[in-house]
file target.pdb (PDB, C-alpha atoms and all ligand atoms)
MODEL        1
ATOM      1  CA  MET K  16      23.082 109.613 -78.831
ATOM      2  CA  MET K  17      20.442 110.255 -76.190
ATOM      3  CA  ARG K  18      16.934 109.347 -77.245
ATOM      4  CA  THR K  19      13.528 109.210 -75.633
ATOM      5  CA  VAL K  20      12.091 105.703 -75.419
ATOM      6  CA  GLN K  21       8.749 104.331 -74.297
ATOM      7  CA  LEU K  22       9.107 101.609 -71.682
ATOM      8  CA  ALA K  23       6.363  98.997 -71.316
ATOM      9  CA  ARG K  24       5.291  97.659 -67.944
ATOM     10  CA  ASN K  25       7.450  94.685 -66.876
ATOM     11  CA  GLN K  26       9.893  95.289 -69.749
ATOM     12  CA  PRO K  27      13.292  93.900 -68.734
ATOM     13  CA  LEU K  28      16.016  96.510 -69.296
ATOM     14  CA  HIS K  29      18.979  94.654 -67.944
ATOM     15  CA  LEU K  30      19.402  91.000 -66.979
ATOM     16  CA  ALA K  31      21.470  89.944 -63.974
ATOM     17  CA  GLY K  32      25.132  89.396 -64.781
ATOM     18  CA  GLN K  33      24.893  90.756 -68.331
ATOM     19  CA  PRO K  34      26.885  93.791 -69.495
ATOM     20  CA  ILE K  35      24.909  97.015 -69.058
ATOM     21  CA  LYS K  36      24.717  98.484 -72.549
ATOM     22  CA  SER K  37      22.377 101.391 -71.917
ATOM     23  CA  VAL K  38      21.557 103.663 -69.030
ATOM     24  CA  TYR K  39      18.098 105.157 -68.491
ATOM     25  CA  PHE K  40      16.977 108.468 -67.032
ATOM     26  CA  PRO K  41      13.239 107.970 -66.353
ATOM     27  CA  LEU K  42      10.914 110.831 -67.293
ATOM     28  CA  THR K  43       7.493 109.337 -66.485
ATOM     29  CA  ALA K  44       8.483 105.643 -66.187
ATOM     30  CA  VAL K  45       9.543 104.018 -62.927
ATOM     31  CA  ILE K  46      12.300 101.410 -63.120
ATOM     32  CA  SER K  47      12.655  98.703 -60.527
ATOM     33  CA  PHE K  48      16.005  97.318 -59.384
ATOM     34  CA  VAL K  49      15.138  93.785 -58.278
ATOM     35  CA  CYS K  50      16.809  90.741 -56.787
ATOM     36  CA  ILE K  51      15.533  87.361 -58.003
ATOM     37  CA  LEU K  52      16.513  84.311 -55.974
ATOM     38  CA  GLU K  53      17.173  80.774 -57.270
ATOM     39  CA  ASP K  54      13.708  79.586 -56.193
ATOM     40  CA  GLY K  55      12.025  82.382 -58.175
ATOM     41  CA  HIS K  56      11.167  84.536 -55.164
ATOM     42  CA  GLY K  57      12.404  88.070 -55.233
ATOM     43  CA  ALA K  58      12.010  91.580 -53.982
ATOM     44  CA  GLU K  59      12.515  95.124 -55.121
ATOM     45  CA  LEU K  60      15.726  96.706 -53.889
ATOM     46  CA  CYS K  61      15.057 100.203 -55.128
ATOM     47  CA  ALA K  62      12.620 102.096 -57.379
ATOM     48  CA  ILE K  63      14.106 104.653 -59.756
ATOM     49  CA  GLY K  64      12.121 107.556 -61.164
ATOM     50  CA  SER K  65      12.844 111.015 -62.507
ATOM     51  CA  GLU K  66      15.076 111.735 -59.507
ATOM     52  CA  GLY K  67      17.714 109.277 -60.694
ATOM     53  CA  MET K  68      19.105 106.922 -63.298
ATOM     54  CA  ALA K  69      19.187 103.186 -63.896
ATOM     55  CA  GLY K  70      22.540 101.699 -64.836
ATOM     56  CA  LEU K  71      24.862 103.231 -62.269
ATOM     57  CA  PRO K  72      27.240 100.177 -62.239
ATOM     58  CA  ALA K  73      28.105 100.820 -65.901
ATOM     59  CA  VAL K  74      29.308 104.312 -65.102
ATOM     60  CA  LEU K  75      31.242 103.079 -62.069
ATOM     61  CA  GLU K  76      33.199 100.713 -64.351
ATOM     62  CA  ALA K  77      31.554  97.649 -62.757
ATOM     63  CA  ARG K  78      29.816  97.122 -66.136
ATOM     64  CA  SER K  79      27.295  94.621 -64.762
ATOM     65  CA  THR K  80      25.352  93.794 -61.618
ATOM     66  CA  PRO K  81      23.897  90.560 -60.169
ATOM     67  CA  PHE K  82      20.524  92.289 -60.035
ATOM     68  CA  GLN K  83      17.895  92.970 -62.674
ATOM     69  CA  MET K  84      16.373  96.205 -63.942
ATOM     70  CA  THR K  85      12.758  96.146 -65.086
ATOM     71  CA  ALA K  86      10.266  98.859 -65.959
ATOM     72  CA  GLN K  87       7.777  98.770 -63.080
ATOM     73  CA  ILE K  88       5.517 101.593 -64.289
ATOM     74  CA  ALA K  89       5.187 102.155 -68.044
ATOM     75  CA  GLY K  90       6.260 105.529 -69.370
ATOM     76  CA  THR K  91       9.063 107.403 -71.052
ATOM     77  CA  ALA K  92      12.777 107.544 -70.297
ATOM     78  CA  ARG K  93      15.878 109.034 -71.853
ATOM     79  CA  GLN K  94      18.186 106.252 -73.022
ATOM     80  CA  LEU K  95      21.907 106.672 -73.550
ATOM     81  CA  PRO K  96      24.663 104.144 -74.437
ATOM     82  CA  ALA K  97      26.556 103.361 -71.225
ATOM     83  CA  LYS K  98      29.908 104.059 -72.902
ATOM     84  CA  VAL K  99      28.851 107.585 -73.870
ATOM     85  CA  LEU K 100      27.851 108.376 -70.302
ATOM     86  CA  SER K 101      30.989 106.740 -68.922
ATOM     87  CA  ASP K 102      33.187 108.925 -71.186
ATOM     88  CA  GLU K 103      31.237 112.022 -70.176
ATOM     89  CA  VAL K 104      31.685 111.214 -66.477
ATOM     90  CA  ALA K 105      35.450 110.809 -66.946
ATOM     91  CA  ARG K 106      35.622 114.222 -68.618
ATOM     92  CA  CYS K 107      33.252 116.312 -66.508
ATOM     93  CA  VAL K 108      34.058 116.798 -62.798
ATOM     94  CA  PRO K 109      30.722 118.452 -61.795
ATOM     95  CA  PHE K 110      28.884 115.528 -63.406
ATOM     96  CA  GLN K 111      31.037 113.074 -61.400
ATOM     97  CA  ALA K 112      30.079 114.874 -58.185
ATOM     98  CA  ARG K 113      26.407 114.720 -59.114
ATOM     99  CA  LEU K 114      26.583 111.004 -59.860
ATOM    100  CA  LEU K 115      28.381 110.324 -56.581
ATOM    101  CA  SER K 116      25.614 112.166 -54.736
ATOM    102  CA  TYR K 117      23.094 109.969 -56.501
ATOM    103  CA  GLN K 118      25.100 106.853 -55.680
ATOM    104  CA  GLN K 119      25.045 107.878 -52.021
ATOM    105  CA  ALA K 120      21.253 108.371 -52.046
ATOM    106  CA  PHE K 121      20.803 105.063 -53.890
ATOM    107  CA  LEU K 122      22.842 103.175 -51.279
ATOM    108  CA  ASP K 123      21.022 104.961 -48.441
ATOM    109  CA  GLN K 124      17.691 103.916 -49.916
ATOM    110  CA  ILE K 125      18.723 100.263 -50.185
ATOM    111  CA  ALA K 126      20.212 100.291 -46.657
ATOM    112  CA  GLN K 127      16.999 101.765 -45.231
ATOM    113  CA  SER K 128      14.943  99.119 -47.046
ATOM    114  CA  VAL K 129      16.898  96.340 -45.295
ATOM    115  CA  ALA K 130      15.857  97.623 -41.852
ATOM    116  CA  CYS K 131      12.359  98.368 -43.171
ATOM    117  CA  GLY K 132      11.859  94.812 -44.435
ATOM    118  CA  ARG K 133      12.898  93.354 -41.080
ATOM    119  CA  HIS K 134      11.055  95.601 -38.668
ATOM    120  CA  HIS K 135       8.082  97.308 -40.314
ATOM    121  CA  SER K 136       4.657  95.820 -40.972
ATOM    122  CA  ILE K 137       3.181  95.040 -44.380
ATOM    123  CA  SER K 138       0.731  97.956 -44.101
ATOM    124  CA  GLN K 139       3.542 100.373 -43.190
ATOM    125  CA  ARG K 140       5.666  99.112 -46.077
ATOM    126  CA  MET K 141       2.797  99.238 -48.553
ATOM    127  CA  ALA K 142       1.996 102.812 -47.544
ATOM    128  CA  THR K 143       5.661 103.770 -47.920
ATOM    129  CA  TRP K 144       5.778 102.068 -51.314
ATOM    130  CA  LEU K 145       2.607 103.899 -52.450
ATOM    131  CA  LEU K 146       4.065 107.290 -51.474
ATOM    132  CA  THR K 147       7.490 106.624 -52.978
ATOM    133  CA  THR K 148       6.097 105.255 -56.233
ATOM    134  CA  SER K 149       3.587 108.081 -56.495
ATOM    135  CA  ASP K 150       6.460 110.559 -56.133
ATOM    136  CA  ARG K 151       8.598 108.697 -58.670
ATOM    137  CA  ALA K 152       5.754 108.511 -61.205
ATOM    138  CA  SER K 153       4.471 112.056 -60.402
ATOM    139  CA  SER K 154       0.975 110.608 -60.215
ATOM    140  CA  ALA K 155      -1.511 109.445 -57.586
ATOM    141  CA  CYS K 156      -2.589 106.631 -59.952
ATOM    142  CA  ILE K 157      -0.285 103.626 -59.946
ATOM    143  CA  PRO K 158      -0.941 100.726 -62.357
ATOM    144  CA  MET K 159      -0.022  97.679 -60.299
ATOM    145  CA  THR K 160      -1.351  94.156 -59.871
ATOM    146  CA  GLN K 161      -1.493  92.730 -56.369
ATOM    147  CA  GLU K 162       0.642  89.825 -57.560
ATOM    148  CA  MET K 163       3.386  92.196 -58.719
ATOM    149  CA  LEU K 164       3.179  94.253 -55.534
ATOM    150  CA  GLY K 165       3.565  91.024 -53.559
ATOM    151  CA  PHE K 166       6.738  90.324 -55.527
ATOM    152  CA  ILE K 167       8.045  93.858 -54.991
ATOM    153  CA  LEU K 168       7.484  93.754 -51.226
ATOM    154  CA  GLY K 169       8.447  90.092 -50.923
ATOM    155  CA  VAL K 170       5.130  88.951 -49.385
ATOM    156  CA  THR K 171       2.297  86.687 -50.503
ATOM    157  CA  ARG K 172      -0.551  88.005 -52.623
ATOM    158  CA  PRO K 173      -3.240  87.282 -49.961
ATOM    159  CA  ARG K 174      -1.404  89.552 -47.496
ATOM    160  CA  ILE K 175      -1.239  92.302 -50.112
ATOM    161  CA  SER K 176      -4.912  91.776 -50.845
ATOM    162  CA  LEU K 177      -5.903  92.077 -47.158
ATOM    163  CA  THR K 178      -3.861  95.260 -46.708
ATOM    164  CA  ALA K 179      -5.175  96.846 -49.915
ATOM    165  CA  GLU K 180      -8.724  96.012 -48.787
ATOM    166  CA  ALA K 181      -8.140  97.623 -45.380
ATOM    167  CA  PHE K 182      -6.734 100.772 -47.031
ATOM    168  CA  GLN K 183      -9.699 100.879 -49.376
ATOM    169  CA  LYS K 184     -12.237 100.473 -46.565
ATOM    170  CA  ALA K 185     -10.517 103.308 -44.670
ATOM    171  CA  GLY K 186     -10.899 105.523 -47.759
ATOM    172  CA  LEU K 187      -7.137 105.842 -48.269
ATOM    173  CA  ILE K 188      -6.892 104.282 -51.721
ATOM    174  CA  ARG K 189      -9.103 103.120 -54.536
ATOM    175  CA  TYR K 190      -8.179  99.873 -56.283
ATOM    176  CA  PHE K 191      -9.957  99.212 -59.544
ATOM    177  CA  ARG K 192      -8.949  97.247 -62.625
ATOM    178  CA  GLY K 193      -5.321  96.983 -61.651
ATOM    179  CA  ILE K 194      -4.861 100.655 -60.794
ATOM    180  CA  MET K 195      -4.154 101.793 -57.248
ATOM    181  CA  THR K 196      -5.100 105.417 -56.667
ATOM    182  CA  ILE K 197      -4.135 107.339 -53.553
ATOM    183  CA  VAL K 198      -7.266 109.277 -52.573
ATOM    184  CA  ASP K 199      -6.139 110.408 -49.096
ATOM    185  CA  ARG K 200      -2.433 111.191 -49.212
ATOM    186  CA  ALA K 201      -2.299 112.485 -45.636
ATOM    187  CA  GLY K 202      -3.959 109.264 -44.464
ATOM    188  CA  ILE K 203      -1.406 107.134 -46.348
ATOM    189  CA  GLU K 204       1.407 109.251 -44.890
ATOM    190  CA  ALA K 205       0.039 108.483 -41.423
ATOM    191  CA  GLU K 206       0.113 104.737 -42.222
ATOM    192  CA  ALA K 207       3.647 104.770 -43.657
ATOM    193  CA  CYS K 208       6.744 103.924 -41.659
ATOM    194  CA  GLU K 209       9.462 106.496 -41.037
ATOM    195  CA  CYS K 210      11.389 105.114 -44.047
ATOM    196  CA  TYR K 211       9.447 107.241 -46.544
ATOM    197  CA  GLN K 212      10.435 110.505 -44.854
ATOM    198  CA  VAL K 213      14.021 109.394 -44.176
ATOM    199  CA  ILE K 214      14.632 108.639 -47.857
ATOM    200  CA  HIS K 215      12.706 111.685 -49.057
ATOM    201  CA  ASP K 216      14.814 113.921 -46.799
ATOM    202  CA  GLU K 217      18.048 112.276 -47.924
ATOM    203  CA  TYR K 218      17.283 112.860 -51.635
ATOM    204  CA  ALA K 219      16.358 116.469 -50.772
ATOM    205  CA  ARG K 220      19.536 116.973 -48.712
ATOM    206  CA  LEU K 221      21.627 115.785 -51.658
ATOM    207  CA  GLN K 222      19.631 118.116 -53.944
ATOM    208  CA  LEU K 223      18.362 115.265 -56.120
ATOM    209  CA  ILE K 224      14.696 116.227 -55.814
TER     210      ILE K 224
HETATM  211 ZN    ZN P 301       9.999 101.116 -43.185
ENDMDL
END
call {"tool": "encode", "arguments": {"input": "target.pdb", "output": "structure tokens"}}
result
Amino acid sequence: MMRTVQLARNQPLHLAGQPIKSVYFPLTAVISFVCILEDGHGAELCAIGSEGMAGLPAVLEARSTPFQMTAQIAGTARQLPAKVLSDEVARCVPFQARLLSYQQAFLDQIAQSVACGRHHSISQRMATWLLTTSDRASSACIPMTQEMLGFILGVTRPRISLTAEAFQKAGLIRYFRGIMTIVDRAGIEAEACECYQVIHDEYARLQLI
């Protein structure tokens, strides 16, 4: 039933409004939960790595979501038919409790990102994104184009480019051939907004990491 699959970068896993057929537990991949607007603009709502699962609405009997799931960082994930997981959740109380904890953390992360997007600067948000994605991917090297990062953070590519350049000049990251590498993690932590630590602490409090 459960199998390991290789997810390619930008591979769509679930389209908005469609029934969720499979759920994914990322191993090395990072899955992005994104909102795409009518005019084509969009933003990432939440990144999902080995701490969580993609496809929560299927298990909660909602069966679909108006948002899209896409592999943001290529890698492996465990894939399971949504119905199998749904049946298992109905049968196993400890598993239900675990999933509810994850749902809580997931909602907390999205709620924090709303305030973050309104009040924190691009450089703070990019630093937070670098730390979170590095944690999710268990790697300091993050394959990411500036265009895609602009989409994820909901800002224009030139603003991403300027911020990445400033980070590079300060010796915080290296950006080469589409790969962002954190070379000074403490420096990036100093640039990040409080949102990174708030979400990190919440996942830790709920014993998800
Ligand atoms: Zn923030």
call {"tool": "residues_around", "arguments": {"input": "target.pdb", "residues": "Ile224 in chain K", "least_positions_apart": "4", "cutoff": "12 Å", "atoms": "all atoms listed in the file", "output": "list in words"}}
result
Gly64, Ser65, Glu66, Gly67, Ser116, Tyr117, Ala120, Asp150, Arg151, Ser153, Ile214, His215, Asp216, Glu217, Tyr218, Ala219 and Arg220 of chain K
call {"tool": "closest_residue", "arguments": {"input": "target.pdb", "among": "K:Ala179, K:Pro173, K:Cys156, K:Ser128", "to": "ligand ZN 301 (chain P)", "atoms": "only C-alpha atoms and all ligand atoms"}}
result
K:Ser128
call {"tool": "residues_near_point", "arguments": {"input": "target.pdb", "point": "(27.9, 98.1, -60.4)", "cutoff": "12 Å", "atoms": "only C-alpha atoms", "output": "list in words"}}
result
Ala31, Gly32, Gln33, Pro34, Ile35, Phe48, Ala69, Gly70, Leu71, Pro72, Ala73, Val74, Leu75, Glu76, Ala77, Arg78, Ser79, Thr80, Pro81, Phe82, Gln83, Gln118, Phe121 and Leu122 of chain K
call {"tool": "atom_distance", "arguments": {"input": "target.pdb", "atom1": "CA of Lys36 in chain K", "atom2": "CA of Arg113 in chain K"}}
result
21.1 Å
call {"tool": "atom_distance", "arguments": {"input": "target.pdb", "atom1": "CA of Asp102 in chain K", "atom2": "CA of Leu42 in chain K"}}
result
22.7 Å
call {"tool": "atom_distance", "arguments": {"input": "target.pdb", "atom1": "CA of Glu59 in chain K", "atom2": "CA of Leu168 in chain K"}}
result
6.5 Å
call {"tool": "residues_near_ligand", "arguments": {"input": "target.pdb", "ligand": "ligand ZN 301 (chain P)", "cutoff": "12 Å", "atoms": "all atoms listed in the file", "output": "PDB file with C-alpha atoms, in the frame of the given file"}}
result
ATOM      1  CA  GLN K 124      17.691 103.916 -49.916  1.00  0.00           C
ATOM      2  CA  ILE K 125      18.723 100.263 -50.185  1.00  0.00           C
ATOM      3  CA  ALA K 126      20.212 100.291 -46.657  1.00  0.00           C
ATOM      4  CA  GLN K 127      16.999 101.765 -45.231  1.00  0.00           C
ATOM      5  CA  SER K 128      14.943  99.119 -47.046  1.00  0.00           C
ATOM      6  CA  VAL K 129      16.898  96.340 -45.295  1.00  0.00           C
ATOM      7  CA  ALA K 130      15.857  97.623 -41.852  1.00  0.00           C
ATOM      8  CA  CYS K 131      12.359  98.368 -43.171  1.00  0.00           C
ATOM      9  CA  GLY K 132      11.859  94.812 -44.435  1.00  0.00           C
ATOM     10  CA  ARG K 133      12.898  93.354 -41.080  1.00  0.00           C
ATOM     11  CA  HIS K 134      11.055  95.601 -38.668  1.00  0.00           C
ATOM     12  CA  HIS K 135       8.082  97.308 -40.314  1.00  0.00           C
ATOM     13  CA  SER K 136       4.657  95.820 -40.972  1.00  0.00           C
ATOM     14  CA  ILE K 137       3.181  95.040 -44.380  1.00  0.00           C
ATOM     15  CA  SER K 138       0.731  97.956 -44.101  1.00  0.00           C
ATOM     16  CA  GLN K 139       3.542 100.373 -43.190  1.00  0.00           C
ATOM     17  CA  ARG K 140       5.666  99.112 -46.077  1.00  0.00           C
ATOM     18  CA  MET K 141       2.797  99.238 -48.553  1.00  0.00           C
ATOM     19  CA  ALA K 142       1.996 102.812 -47.544  1.00  0.00           C
ATOM     20  CA  THR K 143       5.661 103.770 -47.920  1.00  0.00           C
ATOM     21  CA  TRP K 144       5.778 102.068 -51.314  1.00  0.00           C
ATOM     22  CA  LEU K 146       4.065 107.290 -51.474  1.00  0.00           C
ATOM     23  CA  THR K 147       7.490 106.624 -52.978  1.00  0.00           C
ATOM     24  CA  LEU K 168       7.484  93.754 -51.226  1.00  0.00           C
ATOM     25  CA  GLU K 204       1.407 109.251 -44.890  1.00  0.00           C
ATOM     26  CA  GLU K 206       0.113 104.737 -42.222  1.00  0.00           C
ATOM     27  CA  ALA K 207       3.647 104.770 -43.657  1.00  0.00           C
ATOM     28  CA  CYS K 208       6.744 103.924 -41.659  1.00  0.00           C
ATOM     29  CA  GLU K 209       9.462 106.496 -41.037  1.00  0.00           C
ATOM     30  CA  CYS K 210      11.389 105.114 -44.047  1.00  0.00           C
ATOM     31  CA  TYR K 211       9.447 107.241 -46.544  1.00  0.00           C
ATOM     32  CA  GLN K 212      10.435 110.505 -44.854  1.00  0.00           C
ATOM     33  CA  VAL K 213      14.021 109.394 -44.176  1.00  0.00           C
ATOM     34  CA  ILE K 214      14.632 108.639 -47.857  1.00  0.00           C
TER      35      ILE K 214
END
call {"tool": "resolve_selection", "arguments": {"input": "target.pdb", "expression": "the PyMOL selection byres (((chain K and resi 161) around 12) and not hetatm)", "output": "PyMOL selection string"}}
result
chain K and resi 141+157-160+162-180+190-195
call {"tool": "closest_residue", "arguments": {"input": "target.pdb", "among": "K:Leu187, K:Ile63, K:Ala23, K:Met84", "to": "Cys50 in chain K", "atoms": "all atoms listed in the file"}}
result
K:Met84
call {"tool": "closest_residue", "arguments": {"input": "target.pdb", "among": "K:Ile51, K:Met68, K:Ile197, K:Val45", "to": "Gln94 in chain K", "atoms": "all atoms listed in the file"}}
result
K:Met68
call {"tool": "axis_aligned_box", "arguments": {"input": "target.pdb", "around": "range 37-47 of chain K", "padding_each_side": "5 Å", "output": "JSON"}}
result
{"center_x": 14.9, "center_y": 104.8, "center_z": -66.2, "size_x": 24.9, "size_y": 22.1, "size_z": 21.4}
call {"tool": "residues_around", "arguments": {"input": "target.pdb", "residues": "Gln26 in chain K", "least_positions_apart": "3", "cutoff": "8 Å", "atoms": "only C-alpha atoms", "output": "list in words"}}
result
Leu22, Ala23, Thr85, Ala86 and Gln87 of chain K
call {"tool": "closest_residue", "arguments": {"input": "target.pdb", "among": "K:Leu100, K:Leu145, K:Leu95, K:Leu28", "to": "Ser47 in chain K", "atoms": "all atoms listed in the file"}}
result
K:Leu28
call {"tool": "resolve_selection", "arguments": {"input": "target.pdb", "expression": "the PyMOL selection byres (((chain K and resi 17) around 8) and not hetatm)", "output": "list in words"}}
result
Met16, Arg18, Thr19, Arg93, Gln94, Leu95 and Pro96 of chain K
call {"tool": "build_atoms", "arguments": {"input": "target.pdb", "residues": "range 60-75 of chain K", "atoms": "N, CA and C atoms", "output": "PDB file, in the frame of the given file"}}
result
ATOM      1  N   LEU K  60      14.678  96.093 -54.714  1.00  0.00           N
ATOM      2  CA  LEU K  60      15.726  96.706 -53.889  1.00  0.00           C
ATOM      3  C   LEU K  60      15.585  98.218 -53.888  1.00  0.00           C
ATOM      4  N   CYS K  61      15.148  98.754 -55.017  1.00  0.00           N
ATOM      5  CA  CYS K  61      15.057 100.203 -55.128  1.00  0.00           C
ATOM      6  C   CYS K  61      14.205 100.556 -56.347  1.00  0.00           C
ATOM      7  N   ALA K  62      13.385 101.594 -56.237  1.00  0.00           N
ATOM      8  CA  ALA K  62      12.620 102.096 -57.379  1.00  0.00           C
ATOM      9  C   ALA K  62      13.287 103.381 -57.860  1.00  0.00           C
ATOM     10  N   ILE K  63      13.393 103.509 -59.177  1.00  0.00           N
ATOM     11  CA  ILE K  63      14.106 104.653 -59.756  1.00  0.00           C
ATOM     12  C   ILE K  63      13.148 105.426 -60.653  1.00  0.00           C
ATOM     13  N   GLY K  64      12.979 106.698 -60.350  1.00  0.00           N
ATOM     14  CA  GLY K  64      12.121 107.556 -61.164  1.00  0.00           C
ATOM     15  C   GLY K  64      12.899 108.731 -61.707  1.00  0.00           C
ATOM     16  N   SER K  65      12.213 109.853 -61.875  1.00  0.00           N
ATOM     17  CA  SER K  65      12.844 111.015 -62.507  1.00  0.00           C
ATOM     18  C   SER K  65      13.922 111.661 -61.639  1.00  0.00           C
ATOM     19  N   GLU K  66      14.025 111.195 -60.374  1.00  0.00           N
ATOM     20  CA  GLU K  66      15.076 111.735 -59.507  1.00  0.00           C
ATOM     21  C   GLU K  66      16.438 111.109 -59.793  1.00  0.00           C
ATOM     22  N   GLY K  67      16.451 110.011 -60.574  1.00  0.00           N
ATOM     23  CA  GLY K  67      17.714 109.277 -60.694  1.00  0.00           C
ATOM     24  C   GLY K  67      17.934 108.634 -62.046  1.00  0.00           C
ATOM     25  N   MET K  68      18.795 107.645 -62.067  1.00  0.00           N
ATOM     26  CA  MET K  68      19.105 106.922 -63.298  1.00  0.00           C
ATOM     27  C   MET K  68      19.262 105.437 -62.996  1.00  0.00           C
ATOM     28  N   ALA K  69      19.008 104.628 -64.016  1.00  0.00           N
ATOM     29  CA  ALA K  69      19.187 103.186 -63.896  1.00  0.00           C
ATOM     30  C   ALA K  69      20.393 102.799 -64.737  1.00  0.00           C
ATOM     31  N   GLY K  70      21.340 102.120 -64.112  1.00  0.00           N
ATOM     32  CA  GLY K  70      22.540 101.699 -64.836  1.00  0.00           C
ATOM     33  C   GLY K  70      23.818 102.240 -64.210  1.00  0.00           C
ATOM     34  N   LEU K  71      23.721 102.651 -62.977  1.00  0.00           N
ATOM     35  CA  LEU K  71      24.862 103.231 -62.269  1.00  0.00           C
ATOM     36  C   LEU K  71      26.125 102.346 -62.337  1.00  0.00           C
ATOM     37  N   PRO K  72      26.018 100.994 -62.212  1.00  0.00           N
ATOM     38  CA  PRO K  72      27.240 100.177 -62.239  1.00  0.00           C
ATOM     39  C   PRO K  72      28.055 100.359 -63.517  1.00  0.00           C
ATOM     40  N   ALA K  73      27.387 100.642 -64.627  1.00  0.00           N
ATOM     41  CA  ALA K  73      28.105 100.820 -65.901  1.00  0.00           C
ATOM     42  C   ALA K  73      29.013 102.028 -65.834  1.00  0.00           C
ATOM     43  N   VAL K  74      28.545 103.066 -65.196  1.00  0.00           N
ATOM     44  CA  VAL K  74      29.308 104.312 -65.102  1.00  0.00           C
ATOM     45  C   VAL K  74      30.438 104.165 -64.088  1.00  0.00           C
ATOM     46  N   LEU K  75      30.233 103.289 -63.103  1.00  0.00           N
ATOM     47  CA  LEU K  75      31.242 103.079 -62.069  1.00  0.00           C
ATOM     48  C   LEU K  75      32.246 102.002 -62.494  1.00  0.00           C
TER      49      LEU K  75
END
